[in-house]
Amino acid sequence: MGFAETQVLYAHAMSDSPQESNKITVNMQLKYAYFMKSWTAEMLCQEIEQLDAFLAELRVFVLEKLYPALQTYDSPEKIISAYLKKNEKDRRSFDPPSWFGCSSALTGLILARLYSPGYFPSLKQRYAGEFEGLDEEKLSRGKRRIAYLDQPETLPPLKE
């Protein structure tokens with residue numbers, strides 16, 4: 001699940017080629033493990049004979065589980081709520097959103113700044129540790145984007 005306004009900011013933060021990054025930016029991911037409550041759960045199809053059954057199972061999963069779950073998070077405000085509830089320190093938690101360290105933290109910060117600015121300062125403090133230990137380039141990008149988000153009032157246009 002992703003929203004265009006946040007994708008632009010995230011793409012600029014993560015790549016020298018924002019147009020390329022923009023193609024893969026998401027704001028909310030739900031891993032298969034979330035639905036199965038098992039980190040080792042998989043949907044497998046290893047033989048051609050299994051294909052029909054696999055496709056039927058995949059269809060049921062997408063239409064009856066994944067799609068309704070994504071509809072639960074159909075607005076940036078609902079996704080921010082999930083970020084606020086998420087215990088990102090508990091790496092075994094199945095609770096959404098799926099957590100990917102600094103990239104998830106940056107997404108949460110962007111969402112908060114754009115849609116619920118009152119949460120931005122507390123999330124910035126809460127997620128500070130997610131940027132520790134990054135290589136110089138990623139750390140520099142993250143700091144630049146956070147400095148951009150820190151600006152008061154309306155955010156200025158991004159420079160290409």
# chains A, B, ... in the order shown; residues from 1 in each chain; ligands from 1

$ select_by_dssp --residues "stretch 25-146 of chain A" --states "helix (DSSP H, G or I)" --output "PyMOL selection string"
chain A and resi 32-36+48-72+76-85+102-115+117-131+136-146

$ residues_around --residues "A:Lys65" --least-positions-apart "6" --cutoff "10 Å" --atoms "only C-alpha atoms" --output "list of chain:residue names"
A:Tyr32, A:Phe35, A:Arg59

$ atom_distance --atom1 "atom CA of A:Phe120" --atom2 "atom CA of A:Ala105"
11.1 Å

$ residues_around --residues "A:Ser93" --least-positions-apart "2" --cutoff "12 Å" --atoms "only C-alpha atoms" --output "ChimeraX atom specification"
/A:30-31,33-35,37-39,85-91,95-99

$ closest_residue --among "A:Ala56, A:Cys102, A:Leu139, A:Leu44" --to "A:Lys124" --atoms "only C-alpha atoms"
A:Cys102

$ residues_around --residues "A:Ala147" --least-positions-apart "2" --cutoff "12 Å" --atoms "only C-alpha atoms" --output "ChimeraX atom specification"
/A:13,106,109-110,113,124,140-145,149-152,155

$ write_last_selection --atoms "N, CA and C atoms" --output "PDB file, in the first residue's frame"
ATOM      1  N   ALA A  13      14.863  10.427  -0.766  1.00  0.00           N
ATOM      2  CA  ALA A  13      15.742  10.090   0.357  1.00  0.00           C
ATOM      3  C   ALA A  13      16.601   8.872   0.075  1.00  0.00           C
ATOM      4  N   LEU A 106      11.888   5.808   8.346  1.00  0.00           N
ATOM      5  CA  LEU A 106      11.777   6.970   7.468  1.00  0.00           C
ATOM      6  C   LEU A 106      10.370   7.082   6.891  1.00  0.00           C
ATOM      7  N   LEU A 109       8.133   8.464   9.567  1.00  0.00           N
ATOM      8  CA  LEU A 109       8.386   9.901   9.760  1.00  0.00           C
ATOM      9  C   LEU A 109       7.758  10.733   8.646  1.00  0.00           C
ATOM     10  N   ILE A 110       7.889  10.279   7.430  1.00  0.00           N
ATOM     11  CA  ILE A 110       7.304  11.004   6.293  1.00  0.00           C
ATOM     12  C   ILE A 110       5.785  11.054   6.433  1.00  0.00           C
ATOM     13  N   ARG A 113       4.846  13.456   9.272  1.00  0.00           N
ATOM     14  CA  ARG A 113       5.075  14.870   8.927  1.00  0.00           C
ATOM     15  C   ARG A 113       4.022  15.389   7.957  1.00  0.00           C
ATOM     16  N   LYS A 124      10.233  10.902  15.649  1.00  0.00           N
ATOM     17  CA  LYS A 124      11.632  11.202  15.316  1.00  0.00           C
ATOM     18  C   LYS A 124      12.546  10.751  16.457  1.00  0.00           C
ATOM     19  N   SER A 140      23.781   9.751   5.575  1.00  0.00           N
ATOM     20  CA  SER A 140      23.713  11.110   5.049  1.00  0.00           C
ATOM     21  C   SER A 140      22.358  11.383   4.400  1.00  0.00           C
ATOM     22  N   ARG A 141      21.883  10.435   3.607  1.00  0.00           N
ATOM     23  CA  ARG A 141      20.570  10.590   2.975  1.00  0.00           C
ATOM     24  C   ARG A 141      19.471  10.702   4.034  1.00  0.00           C
ATOM     25  N   GLY A 142      19.521   9.831   5.015  1.00  0.00           N
ATOM     26  CA  GLY A 142      18.516   9.851   6.072  1.00  0.00           C
ATOM     27  C   GLY A 142      18.522  11.167   6.835  1.00  0.00           C
ATOM     28  N   LYS A 143      19.694  11.649   7.170  1.00  0.00           N
ATOM     29  CA  LYS A 143      19.801  12.923   7.896  1.00  0.00           C
ATOM     30  C   LYS A 143      19.290  14.089   7.055  1.00  0.00           C
ATOM     31  N   ARG A 144      19.609  14.089   5.765  1.00  0.00           N
ATOM     32  CA  ARG A 144      19.108  15.161   4.884  1.00  0.00           C
ATOM     33  C   ARG A 144      17.587  15.143   4.807  1.00  0.00           C
ATOM     34  N   ARG A 145      17.020  13.956   4.701  1.00  0.00           N
ATOM     35  CA  ARG A 145      15.563  13.874   4.593  1.00  0.00           C
ATOM     36  C   ARG A 145      14.902  14.272   5.903  1.00  0.00           C
ATOM     37  N   LEU A 149      12.278  17.259   6.614  1.00  0.00           N
ATOM     38  CA  LEU A 149      11.001  17.077   7.299  1.00  0.00           C
ATOM     39  C   LEU A 149      10.877  17.961   8.536  1.00  0.00           C
ATOM     40  N   ASP A 150      12.012  18.333   9.120  1.00  0.00           N
ATOM     41  CA  ASP A 150      12.041  19.165  10.334  1.00  0.00           C
ATOM     42  C   ASP A 150      11.630  20.616  10.093  1.00  0.00           C
ATOM     43  N   GLN A 151      11.554  21.035   8.869  1.00  0.00           N
ATOM     44  CA  GLN A 151      11.247  22.431   8.579  1.00  0.00           C
ATOM     45  C   GLN A 151       9.842  22.786   9.064  1.00  0.00           C
ATOM     46  N   PRO A 152       9.697  23.995   9.616  1.00  0.00           N
ATOM     47  CA  PRO A 152       8.374  24.400  10.087  1.00  0.00           C
ATOM     48  C   PRO A 152       7.451  24.712   8.906  1.00  0.00           C
ATOM     49  N   LEU A 155       6.263  22.270   3.660  1.00  0.00           N
ATOM     50  CA  LEU A 155       7.546  21.821   3.132  1.00  0.00           C
ATOM     51  C   LEU A 155       7.766  22.407   1.745  1.00  0.00           C
TER      52      LEU A 155
END

$ atom_distance --atom1 "atom CA of A:Glu64" --atom2 "atom CA of A:Pro76"
22.6 Å

$ atom_distance --atom1 "atom CA of A:Gly101" --atom2 "atom CA of A:Glu130"
5.6 Å

$ closest_atom_pairs --of "stretch 99-139 of chain A" --to "stretch 78-81 of chain A" --cutoff "12 Å" --atoms "only C-alpha atoms" --output "Markdown table"
| residue | atom | partner | partner_atom | distance |
| --- | --- | --- | --- | --- |
| A:Ser104 | CA | A:Ile80 | CA | 11.5 |
| A:Ala105 | CA | A:Ile80 | CA | 11.3 |
| A:Thr107 | CA | A:Ile80 | CA | 9.5 |
| A:Gly108 | CA | A:Ile80 | CA | 6.7 |
| A:Leu109 | CA | A:Ile80 | CA | 9.0 |
| A:Ile110 | CA | A:Ile80 | CA | 9.7 |
| A:Leu111 | CA | A:Ile80 | CA | 6.5 |
| A:Ala112 | CA | A:Ile80 | CA | 6.4 |
| A:Arg113 | CA | A:Ile80 | CA | 10.1 |
| A:Leu114 | CA | A:Ile80 | CA | 10.4 |
| A:Tyr115 | CA | A:Ile80 | CA | 8.3 |
| A:Ser116 | CA | A:Ile80 | CA | 7.9 |
| A:Pro117 | CA | A:Ile80 | CA | 10.7 |
| A:Gly118 | CA | A:Ile80 | CA | 11.4 |
| A:Tyr119 | CA | A:Ile80 | CA | 8.9 |
| A:Phe120 | CA | A:Ile80 | CA | 10.3 |
| A:Leu123 | CA | A:Ile80 | CA | 10.3 |
